[in-house]
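coords-v4.txt (compact mmCIF, C-alpha atoms)
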```txt
# COMPACT_ATOMS: atom_id res chain seq x y z
CA MET A 1 -24.63 1.40 -42.04
CA GLY A 2 -23.46 -1.61 -39.99
CA GLN A 3 -25.28 -4.86 -39.44
CA PRO A 4 -27.79 -4.94 -36.53
CA LEU A 5 -25.91 -7.90 -35.01
CA GLN A 6 -22.16 -8.37 -35.19
CA HIS A 7 -19.80 -10.82 -33.51
CA PHE A 8 -16.17 -10.05 -32.65
CA LYS A 9 -13.91 -12.79 -31.33
CA THR A 10 -10.80 -10.63 -31.41
CA VAL A 11 -10.15 -6.98 -32.20
CA ASP A 12 -6.84 -5.58 -33.41
CA PRO A 13 -6.16 -2.18 -31.76
CA ALA A 14 -4.03 -1.23 -34.77
CA ASP A 15 -7.22 -1.28 -36.86
CA GLU A 16 -9.96 -0.47 -34.36
CA TRP A 17 -8.60 2.92 -33.29
CA LYS A 18 -9.52 4.34 -36.74
CA ARG A 19 -13.25 3.69 -36.24
CA GLY A 20 -15.23 6.88 -36.70
CA PHE A 21 -12.32 8.72 -38.32
CA GLY A 22 -11.63 6.69 -41.43
CA TRP A 23 -8.92 7.17 -43.96
CA PHE A 24 -7.64 10.52 -42.62
CA PHE A 25 -6.22 8.84 -39.52
CA ARG A 26 -4.16 6.29 -41.36
CA ILE A 27 -0.52 7.11 -42.07
CA GLN A 28 -1.39 7.48 -45.76
CA GLY A 29 -4.11 9.97 -44.90
CA ILE A 30 -1.79 12.01 -42.70
CA VAL A 31 0.88 12.07 -45.44
CA VAL A 32 -1.68 13.20 -48.02
CA SER A 33 -2.87 15.90 -45.59
CA ILE A 34 0.69 17.20 -45.29
CA ILE A 35 1.13 17.21 -49.07
CA ALA A 36 -2.21 18.98 -49.53
CA ASP A 37 -1.26 21.57 -46.92
CA VAL A 38 2.08 22.27 -48.60
CA GLY A 39 0.37 22.46 -51.99
CA ALA A 40 -2.24 24.89 -50.68
CA ALA A 41 0.47 27.05 -49.10
CA VAL A 42 2.46 27.21 -52.35
CA ALA A 43 -0.66 27.99 -54.39
CA THR A 44 -1.79 30.80 -52.09
CA PHE A 45 1.74 32.19 -51.98
CA ILE A 46 1.86 32.38 -55.80
CA PHE A 47 -1.71 33.28 -56.68
CA VAL A 48 -3.10 35.07 -53.60
CA HIS A 49 -0.76 36.57 -51.01
CA PRO A 50 2.21 35.35 -48.93
CA SER A 51 0.37 36.10 -45.67
CA VAL A 52 -2.45 33.76 -46.70
CA SER A 53 0.07 30.99 -47.39
CA ILE A 54 1.45 31.42 -43.86
CA VAL A 55 -2.05 31.02 -42.44
CA ALA A 56 -2.51 27.88 -44.56
CA ILE A 57 0.76 26.41 -43.29
CA VAL A 58 -0.07 27.13 -39.64
CA ALA A 59 -3.60 25.76 -39.95
CA GLY A 60 -2.33 22.67 -41.74
CA ALA A 61 0.35 22.10 -39.12
CA PHE A 62 -2.23 22.25 -36.33
CA PHE A 63 -4.48 19.84 -38.22
CA VAL A 64 -1.68 17.30 -38.77
CA ALA A 65 -0.56 17.63 -35.13
CA TRP A 66 -4.15 16.98 -34.05
CA LEU A 67 -4.29 13.86 -36.24
CA PHE A 68 -1.11 12.48 -34.67
CA THR A 69 -2.29 13.33 -31.14
CA VAL A 70 -5.64 11.62 -31.56
CA ARG A 71 -3.95 8.61 -33.14
CA HIS A 72 -1.50 8.34 -30.24
CA PHE A 73 -4.08 8.51 -27.46
CA ARG A 74 -6.59 6.23 -29.14
CA LEU A 75 -3.91 3.60 -29.75
CA GLN A 76 -2.78 3.96 -26.14
CA ARG A 77 -6.31 3.38 -24.90
CA PHE A 78 -6.96 0.36 -27.12
CA TYR A 79 -3.67 -1.34 -26.26
CA SER A 80 -4.37 -0.74 -22.55
CA ASP A 81 -7.81 -2.31 -22.97
CA GLN A 82 -6.24 -5.25 -24.77
CA SER A 83 -3.74 -5.88 -21.96
CA LEU A 84 -6.51 -5.47 -19.37
CA HIS A 85 -8.55 -8.19 -21.06
CA ALA A 86 -5.47 -10.43 -21.23
CA PHE A 87 -4.95 -9.97 -17.49
CA PHE A 88 -8.41 -11.17 -16.50
CA HIS A 89 -8.62 -13.81 -19.24
CA HIS A 90 -5.41 -15.58 -18.24
CA SER A 91 -5.94 -15.01 -14.50
CA ARG A 92 -9.28 -16.81 -14.71
CA ASP A 93 -7.66 -19.86 -16.29
CA GLU A 94 -4.69 -19.91 -13.91
CA ILE A 95 -6.88 -19.58 -10.82
CA ALA A 96 -8.98 -22.55 -11.93
CA ARG A 97 -5.82 -24.65 -12.35
CA ILE A 98 -4.49 -23.65 -8.92
CA LEU A 99 -7.76 -24.52 -7.18
CA THR A 100 -7.79 -27.96 -8.81
CA SER A 101 -4.11 -28.75 -8.18
CA ASP A 102 -3.35 -32.37 -7.35
CA GLY A 103 -0.72 -32.34 -4.62
CA ASP A 104 1.41 -29.70 -2.92
CA ASP A 105 4.15 -29.64 -5.55
CA LYS A 106 1.77 -28.91 -8.40
CA TYR A 107 -0.05 -26.34 -6.26
CA ARG A 108 3.21 -24.58 -5.41
CA GLU A 109 4.35 -24.57 -9.02
CA ARG A 110 1.07 -23.13 -10.29
CA LEU A 111 0.82 -20.54 -7.51
CA ASP A 112 4.37 -19.32 -8.11
CA SER A 113 3.58 -19.09 -11.82
CA PHE A 114 0.44 -17.08 -11.04
CA HIS A 115 2.46 -14.61 -8.94
CA VAL A 116 4.97 -14.00 -11.74
CA ASN A 117 2.43 -13.88 -14.57
CA THR A 118 0.26 -11.46 -12.60
CA ALA A 119 3.17 -9.07 -12.05
CA GLN A 120 4.07 -9.35 -15.73
CA ARG A 121 0.55 -8.62 -16.96
CA ILE A 122 0.09 -5.66 -14.63
CA ALA A 123 3.42 -4.28 -15.86
CA GLY A 124 2.23 -4.79 -19.43
CA PHE A 125 -0.94 -2.82 -18.75
CA PHE A 126 0.94 0.11 -17.25
CA ARG A 127 3.55 0.08 -20.01
CA ASN A 128 0.72 0.85 -22.40
CA ARG A 129 -1.00 3.21 -20.00
CA VAL A 130 2.11 5.19 -19.03
CA GLN A 131 3.84 4.75 -22.40
CA GLY A 132 7.00 3.59 -20.67
CA LYS A 133 8.72 0.36 -21.66
CA THR A 134 10.59 0.23 -18.36
CA THR A 135 7.48 0.39 -16.19
CA CYS A 136 7.56 -2.65 -13.91
CA CYS A 137 5.54 -4.41 -11.23
CA ALA A 138 6.29 -6.31 -8.02
CA ILE A 139 4.08 -8.13 -5.53
CA ARG A 140 4.75 -8.65 -1.83
CA LEU A 141 2.61 -10.93 0.32
CA ALA A 142 2.30 -11.17 4.09
CA GLU A 143 3.90 -14.00 6.02
CA ARG A 144 4.09 -14.64 9.74
CA VAL A 145 7.61 -14.78 11.16
CA ASN A 146 8.31 -14.80 14.91
CA GLU A 147 4.74 -13.78 15.67
CA GLN A 148 5.01 -10.71 13.43
CA ASN A 149 3.79 -10.03 9.91
CA GLN A 150 6.26 -9.08 7.23
CA TYR A 151 5.84 -8.54 3.51
CA SER A 152 8.11 -10.53 1.21
CA THR A 153 8.46 -10.28 -2.56
CA VAL A 154 6.84 -13.19 -4.38
CA ALA A 155 7.08 -11.86 -7.94
CA ARG A 156 8.64 -9.22 -10.16
CA SER A 157 8.03 -8.42 -13.79
CA ASP A 158 10.81 -8.48 -16.34
CA ARG A 159 13.12 -5.50 -16.92
CA MET A 160 13.94 -5.18 -13.23
CA HIS A 161 17.55 -5.58 -12.15
CA GLU A 162 18.51 -9.23 -11.65
CA SER A 163 20.29 -8.54 -8.35
CA ARG A 164 17.00 -7.60 -6.69
CA LYS A 165 16.31 -11.28 -6.13
CA GLU A 166 19.40 -11.58 -3.92
CA ASN A 167 19.21 -8.15 -2.27
CA SER A 168 15.48 -7.95 -1.53
CA GLN A 169 14.55 -7.84 2.15
CA PRO A 170 11.14 -8.38 3.78
CA ILE A 171 9.33 -5.25 4.97
CA PRO A 172 8.18 -5.58 8.60
CA ALA A 173 4.54 -4.64 9.13
CA ASP A 174 5.53 -1.92 11.60
CA LYS A 175 8.16 -0.26 9.42
CA GLY A 176 8.60 1.53 6.10
CA ILE A 177 5.90 1.50 3.46
CA ALA A 178 3.90 -1.21 5.24
CA HIS A 179 3.59 1.01 8.31
CA ALA A 180 2.88 4.07 6.15
CA LEU A 181 -0.06 2.25 4.54
CA LEU A 182 -1.29 1.28 8.01
CA GLN A 183 -1.29 4.97 8.98
CA TYR A 184 -3.64 5.55 6.05
CA GLU A 185 -5.81 2.65 7.32
CA ASN A 186 -4.57 0.51 4.41
CA GLN A 187 -6.61 2.62 2.00
CA GLY A 188 -5.72 4.57 -1.12
CA VAL A 189 -2.45 4.65 -3.05
CA ILE A 190 0.96 6.04 -2.17
CA ILE A 191 3.00 7.69 -4.94
CA ILE A 192 6.71 8.38 -4.55
CA ASP A 193 8.11 10.66 -7.24
CA ASP A 194 11.73 9.72 -6.58
CA ILE A 195 12.93 7.12 -4.08
CA GLN A 196 16.34 8.81 -3.94
CA LYS A 197 14.64 11.66 -2.10
CA MET A 198 13.27 9.21 0.49
CA VAL A 199 16.64 8.11 1.90
CA ASP A 200 16.15 9.83 5.26
CA ASP A 201 12.39 9.38 5.42
CA PRO A 202 11.27 6.89 8.12
CA ARG A 203 8.44 5.78 5.84
CA TRP A 204 10.99 4.20 3.52
CA CYS A 205 13.06 1.10 4.33
CA GLY A 206 16.14 1.66 2.26
CA GLY A 207 18.39 -1.09 0.97
CA LYS A 208 21.05 -2.06 -1.54
CA SER A 209 18.50 -2.10 -4.35
CA ASP A 210 17.78 1.63 -4.04
CA THR A 211 20.85 2.55 -6.09
CA LEU A 212 20.23 0.16 -9.00
CA GLY A 213 18.46 2.80 -11.10
CA ASP A 214 15.69 0.58 -12.44
CA VAL A 215 13.25 2.06 -9.92
CA ARG A 216 12.93 5.81 -9.37
CA SER A 217 9.22 6.52 -9.06
CA LEU A 218 6.75 4.19 -7.34
CA MET A 219 3.02 3.68 -7.01
CA ILE A 220 2.07 1.50 -4.04
CA SER A 221 -1.32 0.00 -3.25
CA PRO A 222 -2.39 -2.31 -0.40
CA ILE A 223 -3.84 -5.70 -1.30
CA ASN A 224 -6.69 -5.96 1.18
CA GLY A 225 -8.74 -9.05 1.89
CA TRP A 226 -10.81 -10.71 4.57
CA GLU A 227 -9.53 -13.15 7.16
CA ASN A 228 -11.69 -14.47 10.01
CA ASP A 229 -14.29 -11.75 9.34
CA ALA A 230 -11.63 -9.04 9.64
CA LYS A 231 -10.19 -6.87 6.89
CA VAL A 232 -6.42 -7.34 6.64
CA MET A 233 -3.61 -6.24 4.36
CA LEU A 234 -2.65 -9.47 2.60
CA GLY A 235 0.04 -7.87 0.49
CA ILE A 236 1.38 -4.82 -1.28
CA LEU A 237 1.31 -4.11 -5.02
CA PHE A 238 4.07 -1.97 -6.53
CA VAL A 239 4.21 -0.32 -9.96
CA SER A 240 7.52 1.37 -10.73
CA SER A 241 9.32 3.38 -13.37
CA ASP A 242 12.97 4.28 -13.86
CA VAL A 243 11.82 7.82 -14.67
CA PRO A 244 11.22 10.21 -11.75
CA ALA A 245 7.63 11.48 -11.41
CA ALA A 246 6.42 9.14 -14.18
CA LEU A 247 3.37 8.05 -12.17
CA HIS A 248 0.57 10.34 -11.07
CA ALA A 249 -2.88 10.39 -9.51
CA GLY A 250 -4.55 9.53 -12.80
CA HIS A 251 -2.92 6.08 -12.69
CA THR A 252 -4.20 5.19 -9.22
CA LEU A 253 -7.65 3.96 -10.29
CA ALA A 254 -6.12 1.13 -12.31
CA ILE A 255 -3.73 -0.07 -9.60
CA LYS A 256 -6.56 -0.02 -7.05
CA ALA A 257 -8.64 -2.19 -9.38
CA PHE A 258 -5.81 -4.72 -9.67
CA SER A 259 -5.29 -4.66 -5.90
CA ASP A 260 -8.98 -5.29 -5.24
CA PHE A 261 -8.95 -8.22 -7.65
CA LEU A 262 -5.92 -9.76 -5.94
CA GLY A 263 -7.47 -9.16 -2.54
CA THR A 264 -10.49 -11.14 -3.71
CA VAL A 265 -8.63 -14.17 -5.10
CA TYR A 266 -5.58 -14.50 -2.85
CA PRO A 267 -7.42 -15.64 0.32
CA ASP A 268 -8.80 -18.66 -1.54
CA LEU A 269 -5.58 -19.38 -3.45
CA LEU A 270 -3.40 -19.31 -0.33
CA GLU A 271 -5.75 -21.54 1.65
CA VAL A 272 -5.91 -24.36 -0.89
CA HIS A 273 -2.90 -26.14 0.63
CA GLY A 274 -2.51 -24.52 4.00
CA GLY A 275 -2.15 -20.87 3.08
CA GLU A 276 1.65 -20.76 3.26
CA PHE A 277 4.13 -19.55 0.68
CA ASN A 278 7.85 -19.20 0.38
CA GLY A 279 8.70 -15.50 0.19
```

Could the structure of this file be written out as structure tokens, please?
Amino acid sequence: MGQPLQHFKTVDPADEWKRGFGWFFRIQGIVVSIIADVGAAVATFIFVHPSVSIVAIVAGAFFVAWLFTVRHFRLQRFYSDQSLHAFFHHSRDEIARILTSDGDDKYRERLDSFHVNTAQRIAGFFRNRVQGKTTCCAIRLAERVNEQNQYSTVARSDRMHESRKENSQPIPADKGIAHALLQYENQGVIIIDDIQKMVDDPRWCGGKSDTLGDVRSLMISPINGWENDAKVMLGILFVSSDVPAALHAGHTLAIKAFSDFLGTVYPDLLEVHGGEFNG
């Protein structure tokens, strides 16, 4: 029985996932289970009846498969929790540094770093959640150009094609995905199973980057905040995969949580030194 009071500074998911299951869920336990199953099958084949040995093999196979399945999903959950904590932990520290920046240059440097690190950490969370190493993230923020809002990319995670930086184009507020979100009152999440099937769809602003192959499926969430007592779409959060249909409705709760967090902090961060950024 555990102590009535325990303190944990850090927890290693590689160890914690075994809690409540013990030795059986370690690799050694699974190997021993396989050996025991084979031994039982051989013994029943020799001393009982071949049909009983077949039952033993099937039952053992299901048991081992169950062990591996539980191990996989528990590890997935713990690593997702770990990356979620890292997101908020480091965001807290970076936000404090931005708000206390001394001078425009330092402010700009820290804000740009926050954009990139945020995209990277969100990508890291979804790589654990989706179990896809090529899952990526991008952030677009609104800027006013010629009396019209447009959404320009301020950050991308790693593992996206390098040419996106040169080929990326702003999305006008009245076109493409930005306009599609407006039609849904800037609420909810849009999922695109395969952007290659959106070529002729007016809700998609195509470009040179569409053929790069690093993005096939997309999950898109508005970053909503408050400005002058009015709710506005400050930006757009993208999570992508190079695998078609890799993202589904079960992933939308997490991206909405990240969007809400960014919608809470961005109004203050962008107003520290005039609220402008270089998209």

Expressed in Å, the length from atom CA of Cys137 of chain A to atom CA of Ala123 of chain A is 5.1 Å

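The smallest atom-to-atom distance between Gly207 of chain A and any of A:Val38, A:Met160, A:Ile171, A:Ala155, using only C-alpha atoms, is found for A:Ile171.
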
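Of the residues listed (A:Val48, A:Phe73, A:Asp201, A:Gly60), A:Gly60 shows the shortest atom-to-atom separation from Val32 of chain A; distances use all atoms listed in the file.
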
Contacts of segment 115-134 of chain A with segment 228-246 of chain A up to 9 Å, shortest pair per row, all atoms listed in the file, as a Markdown table:
```
| residue | atom | partner | partner_atom | distance |
| --- | --- | --- | --- | --- |
| A:Ala119 | CA | A:Leu237 | CA | 8.8 |
| A:Ile122 | CA | A:Val239 | CA | 8.2 |
| A:Ala123 | CA | A:Val239 | CA | 7.1 |
| A:Phe126 | CA | A:Val239 | CA | 8.0 |
| A:Val130 | CA | A:Ala246 | CA | 7.6 |
| A:Gly132 | CA | A:Ser241 | CA | 7.7 |
| A:Lys133 | CA | A:Ser241 | CA | 8.8 |
| A:Thr134 | CA | A:Ser241 | CA | 6.0 |
```

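When atom CA of Ile190 of chain A is paired with atom CA of His89 of chain A, their separation reads 27.9 Å.
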
As an exercise, work out the distance from atom CA of Ile95 of chain A to atom CA of Asn224 of chain A in Å and give it to one decimal place.
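If I compute the distance from atom CA of Ile95 of chain A to atom CA of Asn224 of chain A, I get 18.2 Å.
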
Please identify all polymer residues within 10 Å of Gln120 of chain A, counting all atoms listed in the file, omitting same-chain residues fewer than 4 positions from it, and present them as a PyMOL selection string.
chain A and resi 87+114-116+124-125+136-138+155-159

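Of the residues under consideration (A:Thr118, A:Ser163, A:Leu111, A:Arg129), A:Thr118 shows the shortest atom-to-atom contact distance to Ser259 of chain A when counting all atoms listed in the file.
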
Within 12 Å of Leu269 of chain A using all atoms listed in the file, minus same-chain residues under 5 positions, as a ChimeraX atom specification:
/A:91,94-101,107-108,110-112,114-115,234,262-264,274-277

Keeping only C-alpha atoms, write the selected residues to a file as a compact mmCIF listing (two decimals), in the coordinates of the input.
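Final output, result-v2.txt:
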```
# COMPACT_ATOMS: atom_id res chain seq x y z
CA SER A 91 -5.94 -15.01 -14.50
CA GLU A 94 -4.69 -19.91 -13.91
CA ILE A 95 -6.88 -19.58 -10.82
CA ALA A 96 -8.98 -22.55 -11.93
CA ARG A 97 -5.82 -24.65 -12.35
CA ILE A 98 -4.49 -23.65 -8.92
CA LEU A 99 -7.76 -24.52 -7.18
CA THR A 100 -7.79 -27.96 -8.81
CA SER A 101 -4.11 -28.75 -8.18
CA TYR A 107 -0.05 -26.34 -6.26
CA ARG A 108 3.21 -24.58 -5.41
CA ARG A 110 1.07 -23.13 -10.29
CA LEU A 111 0.82 -20.54 -7.51
CA ASP A 112 4.37 -19.32 -8.11
CA PHE A 114 0.44 -17.08 -11.04
CA HIS A 115 2.46 -14.61 -8.94
CA LEU A 234 -2.65 -9.47 2.60
CA LEU A 262 -5.92 -9.76 -5.94
CA GLY A 263 -7.47 -9.16 -2.54
CA THR A 264 -10.49 -11.14 -3.71
CA GLY A 274 -2.51 -24.52 4.00
CA GLY A 275 -2.15 -20.87 3.08
CA GLU A 276 1.65 -20.76 3.26
CA PHE A 277 4.13 -19.55 0.68
```

Nearest-residue call for Leu218 of chain A, choices A:Met198, A:Val58, A:Ile192, A:Leu5, using all atoms listed in the file
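Looking only at the distances to Leu218 of chain A, the closest residue turns out to be A:Ile192.
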
Determine, counting only C-alpha atoms, which protein, DNA and RNA residues have an atom within 7 Å of an atom of segment 247-250 of chain A; residues of the same chain fewer than 2 positions away are not included. Present the result as a PyMOL selection string.
chain A and resi 217+219+245+252-253

Out of A:Pro170, A:Arg164, A:Lys175, A:Lys197, which residue has the shortest atom-to-atom distance to Glu143 of chain A when counting all atoms listed in the file?
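Smallest separation from Glu143 of chain A among the options: A:Pro170.
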
Name the closest residue to Val11 of chain A among the candidates A:Ile34, A:Phe78, A:His49, A:Ile220; distances are taken between atoms, counting only C-alpha atoms.
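Of A:Ile34, A:Phe78, A:His49, A:Ile220, the one nearest Val11 of chain A, counting only C-alpha atoms, is A:Phe78.
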